[in-house]
>>> print(open('coords.cif').read())   # mmCIF, C-alpha atoms and all ligand atoms
data_model
#
loop_
_atom_site.label_atom_id
_atom_site.label_comp_id
_atom_site.auth_asym_id
_atom_site.auth_seq_id
_atom_site.Cartn_x
_atom_site.Cartn_y
_atom_site.Cartn_z
CA MET A 103 0.00 0.00 0.00
CA LEU A 104 1.25 3.47 -0.90
CA GLU A 105 0.72 6.22 1.63
CA LEU A 106 1.38 9.94 1.27
CA ILE A 107 2.78 11.75 4.31
CA VAL A 108 2.85 15.55 4.14
CA ALA A 109 5.32 17.17 6.52
CA GLN A 110 5.37 20.89 7.27
CA ASN A 111 8.78 21.26 5.68
CA ALA A 112 11.85 19.24 4.68
CA ALA A 113 13.29 19.39 8.21
CA GLN A 114 10.17 17.83 9.71
CA GLY A 115 9.97 15.28 6.89
CA SER A 116 13.59 14.26 7.48
CA ARG A 117 12.86 13.90 11.20
CA MET A 118 9.90 11.62 10.44
CA VAL A 119 11.99 9.41 8.17
CA ALA A 120 14.82 9.28 10.73
CA ASP A 121 12.26 8.08 13.30
CA MET A 122 11.01 5.38 10.91
CA LEU A 123 14.55 4.14 10.24
CA GLU A 124 15.42 4.17 13.92
CA GLU A 125 12.22 2.29 14.79
CA THR A 126 13.19 -0.38 12.24
CA LEU A 127 16.58 -0.72 13.94
CA THR A 128 15.04 -0.85 17.42
CA ASN A 129 12.78 -3.70 16.32
CA ASN A 130 15.54 -5.43 14.37
CA PRO A 131 19.11 -4.31 15.16
CA ARG A 132 20.42 -6.40 12.21
CA ALA A 133 18.04 -4.77 9.72
CA LEU A 134 19.29 -4.30 6.15
CA LEU A 135 18.92 -0.63 5.23
CA GLY A 136 18.75 0.30 1.54
CA LEU A 137 20.27 3.75 1.08
CA ALA A 138 20.33 6.50 -1.53
CA THR A 139 22.59 9.52 -1.99
CA GLY A 140 21.81 13.06 -3.17
CA GLY A 141 20.68 16.40 -1.77
CA THR A 142 17.37 15.12 -0.37
CA VAL A 143 18.93 12.70 2.11
CA VAL A 144 21.71 14.94 3.49
CA ASP A 145 19.59 16.29 6.38
CA LEU A 146 18.24 12.84 7.18
CA TYR A 147 21.76 11.39 7.47
CA ALA A 148 22.78 14.36 9.65
CA LEU A 149 19.89 13.54 12.01
CA LEU A 150 20.88 9.87 12.15
CA CYS A 151 24.47 10.90 13.01
CA GLN A 152 23.22 13.31 15.70
CA ASP A 153 20.97 10.64 17.19
CA TYR A 154 23.84 8.17 17.18
CA ALA A 155 26.07 10.69 18.99
CA ALA A 156 23.29 11.25 21.54
CA GLY A 157 22.97 7.49 22.13
CA ARG A 158 19.46 7.33 20.68
CA VAL A 159 20.28 4.83 17.92
CA ASP A 160 22.84 2.07 17.54
CA PHE A 161 24.11 0.90 14.15
CA GLY A 162 26.43 -1.74 15.62
CA GLN A 163 24.67 -4.63 13.91
CA ALA A 164 22.93 -2.73 11.09
CA ARG A 165 23.64 -3.74 7.51
CA THR A 166 23.43 -1.37 4.55
CA VAL A 167 23.27 -1.60 0.78
CA ASN A 168 23.37 1.38 -1.57
CA VAL A 169 21.18 1.68 -4.61
CA ASP A 170 23.65 3.03 -7.17
CA GLU A 171 27.16 4.13 -8.15
CA TYR A 172 29.01 5.59 -11.12
CA VAL A 173 31.03 3.21 -13.29
CA GLY A 174 34.70 4.17 -13.25
CA LEU A 175 34.80 6.09 -9.98
CA PRO A 176 36.72 4.43 -7.15
CA ALA A 177 35.46 4.89 -3.57
CA SER A 178 38.31 7.39 -3.08
CA HIS A 179 36.82 9.76 -5.71
CA ASP A 180 34.99 12.65 -4.08
CA GLN A 181 32.08 12.37 -6.54
CA SER A 182 31.54 8.65 -5.93
CA PHE A 183 28.48 7.64 -3.96
CA ALA A 184 30.76 5.56 -1.71
CA TRP A 185 32.54 8.80 -0.76
CA PHE A 186 29.18 10.52 -0.16
CA MET A 187 28.08 7.74 2.20
CA ARG A 188 31.33 7.86 4.13
CA GLN A 189 31.12 11.65 4.50
CA HIS A 190 27.48 11.83 5.49
CA LEU A 191 26.85 8.64 7.46
CA PHE A 192 29.38 5.83 7.73
CA ALA A 193 32.29 7.79 9.24
CA LYS A 194 30.03 9.40 11.86
CA THR A 195 28.23 6.30 13.15
CA ASN A 196 29.24 2.83 14.31
CA ILE A 197 28.10 1.10 11.11
CA ALA A 198 30.70 -1.66 10.70
CA GLN A 199 32.61 -1.59 7.43
CA GLU A 200 31.99 -5.30 6.88
CA ASN A 201 28.23 -4.65 7.05
CA VAL A 202 28.32 -2.05 4.27
CA TYR A 203 27.52 -3.30 0.78
CA LEU A 204 28.26 -1.00 -2.15
CA PHE A 205 28.75 -1.29 -5.86
CA ASN A 206 32.44 -0.81 -6.54
CA GLY A 207 32.66 1.68 -9.40
CA ALA A 208 36.32 0.81 -10.02
CA GLU A 209 35.66 -2.89 -10.68
CA ASP A 210 34.38 -4.62 -13.81
CA PRO A 211 30.72 -3.50 -14.08
CA GLN A 212 29.43 -6.91 -15.22
CA GLN A 213 31.07 -8.53 -12.24
CA GLU A 214 29.62 -5.85 -9.96
CA ILE A 215 26.01 -6.33 -11.08
CA ALA A 216 26.37 -10.11 -10.71
CA ARG A 217 27.81 -9.62 -7.20
CA MET A 218 24.92 -7.32 -6.25
CA ALA A 219 22.33 -9.71 -7.70
CA ASP A 220 23.82 -12.53 -5.59
CA PHE A 221 23.75 -10.36 -2.49
CA LEU A 222 20.12 -9.33 -2.99
CA GLY A 223 19.19 -12.92 -3.82
CA ALA A 224 20.41 -13.88 -0.36
CA HIS A 225 19.26 -10.80 1.62
CA THR A 226 16.00 -8.86 1.80
CA ILE A 227 16.07 -5.09 2.27
CA ASP A 228 14.06 -4.29 5.41
CA ILE A 229 13.70 -0.59 4.73
CA LEU A 230 14.67 1.12 1.48
CA LEU A 231 15.19 4.83 1.41
CA LEU A 232 14.86 6.55 -1.95
CA GLY A 233 15.00 10.02 -3.44
CA VAL A 234 13.32 10.74 -6.75
CA GLY A 235 14.30 12.62 -9.88
CA THR A 236 12.13 15.38 -11.32
CA ASN A 237 11.27 12.84 -14.06
CA GLY A 238 10.29 10.16 -11.52
CA HIS A 239 13.55 8.18 -11.66
CA ILE A 240 14.56 6.04 -8.67
CA GLY A 241 18.16 4.93 -8.29
CA PHE A 242 19.43 5.22 -11.88
CA ASN A 243 16.21 3.69 -13.29
CA GLU A 244 15.25 6.39 -15.75
CA PRO A 245 11.90 6.61 -17.62
CA ASP A 246 11.91 4.03 -20.40
CA ARG A 247 9.66 1.75 -22.45
CA THR A 248 10.18 -1.15 -20.03
CA PHE A 249 11.34 -1.87 -16.50
CA ILE A 250 14.57 -3.76 -15.79
CA GLY A 251 14.24 -6.12 -12.82
CA PRO A 252 17.74 -6.97 -11.53
CA PRO A 253 20.81 -4.80 -10.86
CA HIS A 254 22.08 -3.46 -14.18
CA ILE A 255 24.37 -1.05 -16.01
CA VAL A 256 22.88 2.21 -17.27
CA GLU A 257 24.20 4.41 -20.09
CA LEU A 258 23.72 7.93 -18.76
CA ALA A 259 21.67 10.33 -20.86
CA GLU A 260 23.56 13.19 -22.49
CA GLU A 261 21.61 15.69 -20.33
CA THR A 262 22.71 13.85 -17.17
CA ILE A 263 26.34 13.94 -18.33
CA GLN A 264 25.99 17.68 -19.08
CA ALA A 265 24.41 18.31 -15.68
CA ASN A 266 27.22 16.40 -13.93
CA MET A 267 29.97 18.35 -15.70
CA ARG A 268 30.04 21.00 -12.96
CA PHE A 269 31.36 18.41 -10.50
CA PHE A 270 34.34 17.38 -12.67
CA GLN A 271 37.38 19.19 -13.98
CA ARG A 272 37.30 17.77 -17.49
CA ARG A 273 34.42 16.56 -19.63
CA GLU A 274 36.17 13.21 -20.19
CA ASP A 275 36.17 12.63 -16.42
CA VAL A 276 32.36 12.68 -16.19
CA PRO A 277 31.10 9.11 -15.84
CA ARG A 278 29.10 7.86 -18.84
CA ARG A 279 27.72 4.76 -17.17
CA ALA A 280 26.30 3.84 -13.80
CA LEU A 281 25.31 0.77 -11.79
CA THR A 282 21.89 0.59 -10.20
CA LEU A 283 19.56 -1.76 -8.41
CA GLY A 284 16.69 -2.70 -10.70
CA ILE A 285 12.98 -2.24 -10.29
CA GLY A 286 12.64 -5.88 -9.16
CA ASP A 287 15.04 -5.17 -6.31
CA VAL A 288 13.00 -2.14 -5.23
CA VAL A 289 9.67 -3.97 -5.11
CA LYS A 290 11.18 -6.86 -3.12
CA ALA A 291 11.98 -4.52 -0.20
CA LYS A 292 9.76 -5.01 2.84
CA LYS A 293 9.23 -1.29 3.26
CA VAL A 294 10.12 1.65 1.00
CA ILE A 295 10.26 5.32 1.93
CA LEU A 296 10.59 7.82 -0.88
CA MET A 297 11.45 11.38 0.10
CA ALA A 298 10.70 14.36 -2.13
CA PHE A 299 10.86 17.99 -1.06
CA GLY A 300 10.21 21.21 -2.94
CA PRO A 301 7.97 22.16 -5.85
CA GLN A 302 10.46 20.95 -8.49
CA LYS A 303 9.52 17.35 -7.63
CA ALA A 304 5.77 18.13 -7.58
CA GLU A 305 5.01 16.99 -11.12
CA ALA A 306 6.45 13.51 -10.58
CA ILE A 307 4.59 13.08 -7.28
CA ALA A 308 1.32 14.43 -8.75
CA ARG A 309 1.61 11.84 -11.54
CA LEU A 310 2.38 9.11 -8.99
CA PHE A 311 -0.82 9.77 -7.04
CA GLY A 312 -2.86 10.79 -10.09
CA ASP A 313 -3.76 7.25 -11.21
CA ASP A 314 -3.33 3.55 -10.44
CA LEU A 315 -0.90 2.88 -13.29
CA ILE A 316 2.49 1.26 -12.91
CA ASP A 317 4.24 2.98 -15.76
CA PRO A 318 7.89 2.54 -16.87
CA GLN A 319 7.76 6.19 -17.97
CA LEU A 320 7.39 7.02 -14.27
CA PRO A 321 9.75 4.59 -12.49
CA CYS A 322 8.64 5.64 -8.98
CA SER A 323 5.15 4.30 -9.81
CA VAL A 324 6.45 0.80 -8.93
CA LEU A 325 6.04 1.82 -5.31
CA LYS A 326 2.38 0.88 -5.83
CA LEU A 327 3.56 -2.77 -5.82
CA VAL A 328 5.42 -2.58 -2.51
CA PRO A 329 3.57 -4.04 0.52
CA GLU A 330 4.38 -0.97 2.62
CA ALA A 331 5.48 2.22 0.89
CA TYR A 332 5.48 5.83 2.06
CA VAL A 333 6.08 9.00 0.11
CA VAL A 334 7.20 11.76 2.46
CA VAL A 335 6.83 15.26 0.99
CA ASP A 336 6.78 18.80 2.33
CA GLN A 337 3.86 21.18 2.16
CA ALA A 338 5.47 23.19 -0.65
CA LEU A 339 5.50 20.10 -2.86
CA ALA A 340 2.01 18.98 -1.78
CA ALA A 341 0.55 22.38 -2.61
CA ALA A 342 2.26 22.53 -6.02
CA ALA A 343 1.09 18.97 -6.76
CA GLY A 344 -2.50 19.67 -5.70
CA LEU A 345 -2.13 17.13 -2.87
CA ALA A 346 -2.34 19.55 0.06
CA GLN A 347 -3.95 18.00 3.15
C1 LIG B 1 21.02 8.63 -5.74
C2 LIG B 1 19.75 8.21 -6.36
C3 LIG B 1 18.93 9.19 -7.13
C4 LIG B 1 18.50 10.38 -6.28
C5 LIG B 1 17.62 11.34 -7.08
C6 LIG B 1 17.27 12.59 -6.28
O1 LIG B 1 21.60 7.58 -5.00
O2 LIG B 1 19.39 7.07 -6.24
O3 LIG B 1 17.80 8.55 -7.66
O4 LIG B 1 17.80 9.93 -5.16
O5 LIG B 1 18.26 11.71 -8.26
O6 LIG B 1 18.44 13.32 -6.07
P1 LIG B 1 18.43 14.63 -5.14
O7 LIG B 1 18.09 14.15 -3.77
O8 LIG B 1 19.82 15.16 -5.22
O9 LIG B 1 17.37 15.54 -5.69
#
>>> encode(input="coords.cif", output="structure tokens")
Amino acid sequence: MLELIVAQNAAQGSRMVADMLEETLTNNPRALLGLATGGTVVDLYALLCQDYAAGRVDFGQARTVNVDEYVGLPASHDQSFAWFMRQHLFAKTNIAQENVYLFNGAEDPQQEIARMADFLGAHTIDILLLGVGTNGHIGFNEPDRTFIGPPHIVELAEETIQANMRFFQRREDVPRRALTLGIGDVVKAKKVILMAFGPQKAEAIARLFGDDLIDPQLPCSVLKLVPEAYVVVDQALAAAAGLAQ
């Protein structure tokens, strides 16, 4: 079932999601957390780090898996998602390194997607945290004619490469491919929380709640298949999407 939660603002929405993640860990300290990167989740991770420092949450047995990574970027590259996770969460909590599962952007991509498929074949994500693109993408699953079920390699769109150029010194350094969990991996999670704040994401969320379709042109619409899924938005987005409560 898909439920919309409208928070006052992004800060309150991040607090709500932090509480949901922490509740999952209280009930199951070994829970497998599925994690995303990007601007939306920065405040959430800061709250988790604060709560850890205050002794309110313990990640000692928690396990994590990340949804995506650029092909070609080693974990030591400051634009890699592995670097992002270290900066924003792993280095500031007691998540054990051996419990962290990431695509390795520096390894052979075919080998990496096979490794991730094996891992997700053997482990179920207890709570999967996602952001969403303005076009409805989740992970690196972009709008397309079909869904791809398992972890896979994505050729990045020219507009994505252009948009990423500001983070790199030379155009040839911008990754052209990425690794991502597939749609099948997303719908197998026990619980999914998608966070979207600000009016720029309103169109995608309005489309998501506008009908009952599961549409590969709107990848986030697969959340309608998940047993327990929440979309946490702020009031600015809800108002722009015509979903104000
Ligand atoms: C990143 C990821 C992406 C982002 C999405 C939103 O790991 O999976 O799907 O969640 O692009 O990004 P932000 O939060 O930067 O707007």
>>> closest_residue(input="coords.cif", among="A:Asp336, A:Asp314, A:Asp160, A:Asp145", to="Ala198 of chain A", atoms="all atoms listed in the file")
A:Asp160
>>> residues_near_ligand(input="coords.cif", ligand="ligand LIG 1 (chain B)", cutoff="9 Å", atoms="all atoms listed in the file", output="MDAnalysis selection string")
chainID A and resid 137:144 168:171 183 231:236 238:244 282 296:299 303
>>> residues_around(input="coords.cif", residues="segment 205-218 of chain A", least_positions_apart="6", cutoff="7 Å", atoms="all atoms listed in the file", output="NGL selection string")
:A and (170-176 or 253-254)
>>> write_last_selection(input="coords.cif", atoms="C-alpha atoms", output="mmCIF file, keeping the file's coordinate frame")
data_model
loop_
_atom_site.group_PDB
_atom_site.id
_atom_site.type_symbol
_atom_site.label_atom_id
_atom_site.label_comp_id
_atom_site.auth_asym_id
_atom_site.auth_seq_id
_atom_site.Cartn_x
_atom_site.Cartn_y
_atom_site.Cartn_z
ATOM 1 C CA ASP A 170 23.650 3.030 -7.170
ATOM 2 C CA GLU A 171 27.160 4.130 -8.150
ATOM 3 C CA TYR A 172 29.010 5.590 -11.120
ATOM 4 C CA VAL A 173 31.030 3.210 -13.290
ATOM 5 C CA GLY A 174 34.700 4.170 -13.250
ATOM 6 C CA LEU A 175 34.800 6.090 -9.980
ATOM 7 C CA PRO A 176 36.720 4.430 -7.150
ATOM 8 C CA PRO A 253 20.810 -4.800 -10.860
ATOM 9 C CA HIS A 254 22.080 -3.460 -14.180
#
>>> closest_residue(input="coords.cif", among="A:Val328, A:Ala120, A:Leu283, A:Ala177", to="Asp220 of chain A", atoms="all atoms listed in the file")
A:Leu283
>>> residues_around(input="coords.cif", residues="segment 258-273 of chain A", least_positions_apart="4", cutoff="9 Å", atoms="all atoms listed in the file", output="PyMOL selection string")
chain A and resi 181+242+277-280
>>> write_last_selection(input="coords.cif", atoms="C-alpha atoms", output="PDB file, keeping the file's coordinate frame")
ATOM      1  CA  GLN A 181      32.080  12.370  -6.540  1.00  0.00           C
ATOM      2  CA  PHE A 242      19.430   5.220 -11.880  1.00  0.00           C
ATOM      3  CA  PRO A 277      31.100   9.110 -15.840  1.00  0.00           C
ATOM      4  CA  ARG A 278      29.100   7.860 -18.840  1.00  0.00           C
ATOM      5  CA  ARG A 279      27.720   4.760 -17.170  1.00  0.00           C
ATOM      6  CA  ALA A 280      26.300   3.840 -13.800  1.00  0.00           C
TER       7      ALA A 280
END
>>> atom_distance(input="coords.cif", atom1="atom CA of Gln189 of chain A", atom2="atom CA of Gly162 of chain A")
18.0 Å
>>> atom_distance(input="coords.cif", atom1="atom CA of Arg309 of chain A", atom2="atom CA of Pro245 of chain A")
13.0 Å
>>> closest_residue(input="coords.cif", among="A:Phe221, A:Ala109, A:Thr195, A:Met103", to="Val289 of chain A", atoms="all atoms listed in the file")
A:Met103
>>> residues_around(input="coords.cif", residues="Leu345 of chain A", least_positions_apart="5", cutoff="10 Å", atoms="all atoms listed in the file", output="CSV table (one decimal) with C-alpha atoms, in the frame of the given file")
chain,number,residue,atom,x,y,z
A,106,LEU,CA,1.4,9.9,1.3
A,108,VAL,CA,2.8,15.6,4.1
A,304,ALA,CA,5.8,18.1,-7.6
A,307,ILE,CA,4.6,13.1,-7.3
A,308,ALA,CA,1.3,14.4,-8.8
A,311,PHE,CA,-0.8,9.8,-7.0
A,312,GLY,CA,-2.9,10.8,-10.1
A,335,VAL,CA,6.8,15.3,1.0
A,337,GLN,CA,3.9,21.2,2.2
A,338,ALA,CA,5.5,23.2,-0.6
A,339,LEU,CA,5.5,20.1,-2.9
A,340,ALA,CA,2.0,19.0,-1.8
>>> residues_near_point(input="coords.cif", point="(32.9, -3.0, 2.5)", cutoff="12 Å", atoms="all atoms listed in the file", output="PyMOL selection string")
chain A and resi 165-168+177+184+187-188+192+197-206
>>> atom_distance(input="coords.cif", atom1="atom CA of Gly284 of chain A", atom2="atom CA of Ile227 of chain A")
13.2 Å
>>> closest_residue(input="coords.cif", among="A:Ala306, A:Leu134, A:Met118, A:Leu191", to="Ala224 of chain A", atoms="only C-alpha atoms")
A:Leu134
>>> residues_around(input="coords.cif", residues="Ile295 of chain A", least_positions_apart="4", cutoff="6 Å", atoms="all atoms listed in the file", output="MDAnalysis selection string")
chainID A and resid 231 331:333
>>> residues_around(input="coords.cif", residues="Ala133 of chain A", least_positions_apart="5", cutoff="8 Å", atoms="all atoms listed in the file", output="ChimeraX atom specification")
/A:126-127,163-165,227-229
>>> closest_residue(input="coords.cif", among="A:Leu315, A:Ile107, A:Ala112, A:Cys151", to="Leu327 of chain A", atoms="all atoms listed in the file")
A:Leu315
>>> closest_residue(input="coords.cif", among="A:Thr248, A:Ser116, A:Asn130, A:Ser182", to="Tyr147 of chain A", atoms="only C-alpha atoms")
A:Ser116
>>> axis_aligned_box(input="coords.cif", around="segment 286-290 of chain A", padding_each_side="4 Å", output="JSON")
{"center_x": 12.4, "center_y": -4.5, "center_z": -6.1, "size_x": 13.4, "size_y": 12.7, "size_z": 14.0}
>>> decode(input="coords.cif", residues="segment 205-218 of chain A", atoms="N, CA, C and O atoms", output="mmCIF file, in the first residue's frame")
data_model
loop_
_atom_site.group_PDB
_atom_site.id
_atom_site.type_symbol
_atom_site.label_atom_id
_atom_site.label_comp_id
_atom_site.auth_asym_id
_atom_site.auth_seq_id
_atom_site.Cartn_x
_atom_site.Cartn_y
_atom_site.Cartn_z
ATOM 1 N N PHE A 205 28.141 -1.030 -4.565
ATOM 2 C CA PHE A 205 28.746 -1.294 -5.864
ATOM 3 C C PHE A 205 30.146 -0.692 -5.822
ATOM 4 O O PHE A 205 30.331 0.415 -5.291
ATOM 5 N N ASN A 206 31.108 -1.388 -6.418
ATOM 6 C CA ASN A 206 32.442 -0.809 -6.535
ATOM 7 C C ASN A 206 32.612 -0.281 -7.962
ATOM 8 O O ASN A 206 32.736 -1.047 -8.911
ATOM 9 N N GLY A 207 32.602 1.056 -8.084
ATOM 10 C CA GLY A 207 32.659 1.684 -9.398
ATOM 11 C C GLY A 207 33.966 1.445 -10.127
ATOM 12 O O GLY A 207 34.051 1.646 -11.341
ATOM 13 N N ALA A 208 35.004 1.010 -9.400
ATOM 14 C CA ALA A 208 36.319 0.808 -10.017
ATOM 15 C C ALA A 208 36.481 -0.605 -10.580
ATOM 16 O O ALA A 208 37.427 -0.881 -11.302
ATOM 17 N N GLU A 209 35.547 -1.500 -10.223
ATOM 18 C CA GLU A 209 35.664 -2.890 -10.682
ATOM 19 C C GLU A 209 34.903 -3.096 -11.992
ATOM 20 O O GLU A 209 34.135 -2.238 -12.418
ATOM 21 N N ASP A 210 35.083 -4.272 -12.576
ATOM 22 C CA ASP A 210 34.384 -4.617 -13.815
ATOM 23 C C ASP A 210 32.870 -4.541 -13.583
ATOM 24 O O ASP A 210 32.346 -5.227 -12.697
ATOM 25 N N PRO A 211 32.145 -3.711 -14.353
ATOM 26 C CA PRO A 211 30.720 -3.499 -14.078
ATOM 27 C C PRO A 211 29.871 -4.782 -14.165
ATOM 28 O O PRO A 211 28.962 -4.958 -13.370
ATOM 29 N N GLN A 212 30.204 -5.663 -15.106
ATOM 30 C CA GLN A 212 29.425 -6.912 -15.217
ATOM 31 C C GLN A 212 29.564 -7.747 -13.950
ATOM 32 O O GLN A 212 28.600 -8.313 -13.453
ATOM 33 N N GLN A 213 30.796 -7.789 -13.467
ATOM 34 C CA GLN A 213 31.067 -8.526 -12.241
ATOM 35 C C GLN A 213 30.321 -7.893 -11.054
ATOM 36 O O GLN A 213 29.786 -8.594 -10.200
ATOM 37 N N GLU A 214 30.271 -6.574 -11.051
ATOM 38 C CA GLU A 214 29.617 -5.853 -9.956
ATOM 39 C C GLU A 214 28.113 -6.094 -9.929
ATOM 40 O O GLU A 214 27.524 -6.259 -8.868
ATOM 41 N N ILE A 215 27.472 -6.115 -11.105
ATOM 42 C CA ILE A 215 26.014 -6.327 -11.075
ATOM 43 C C ILE A 215 25.704 -7.775 -10.703
ATOM 44 O O ILE A 215 24.723 -8.038 -10.018
ATOM 45 N N ALA A 216 26.581 -8.705 -11.093
ATOM 46 C CA ALA A 216 26.373 -10.114 -10.710
ATOM 47 C C ALA A 216 26.545 -10.255 -9.191
ATOM 48 O O ALA A 216 25.768 -10.941 -8.524
ATOM 49 N N ARG A 217 27.545 -9.572 -8.648
ATOM 50 C CA ARG A 217 27.809 -9.625 -7.201
ATOM 51 C C ARG A 217 26.609 -9.054 -6.440
ATOM 52 O O ARG A 217 26.145 -9.631 -5.454
ATOM 53 N N MET A 218 26.068 -7.926 -6.933
ATOM 54 C CA MET A 218 24.922 -7.316 -6.252
ATOM 55 C C MET A 218 23.684 -8.206 -6.366
ATOM 56 O O MET A 218 22.918 -8.347 -5.405
#
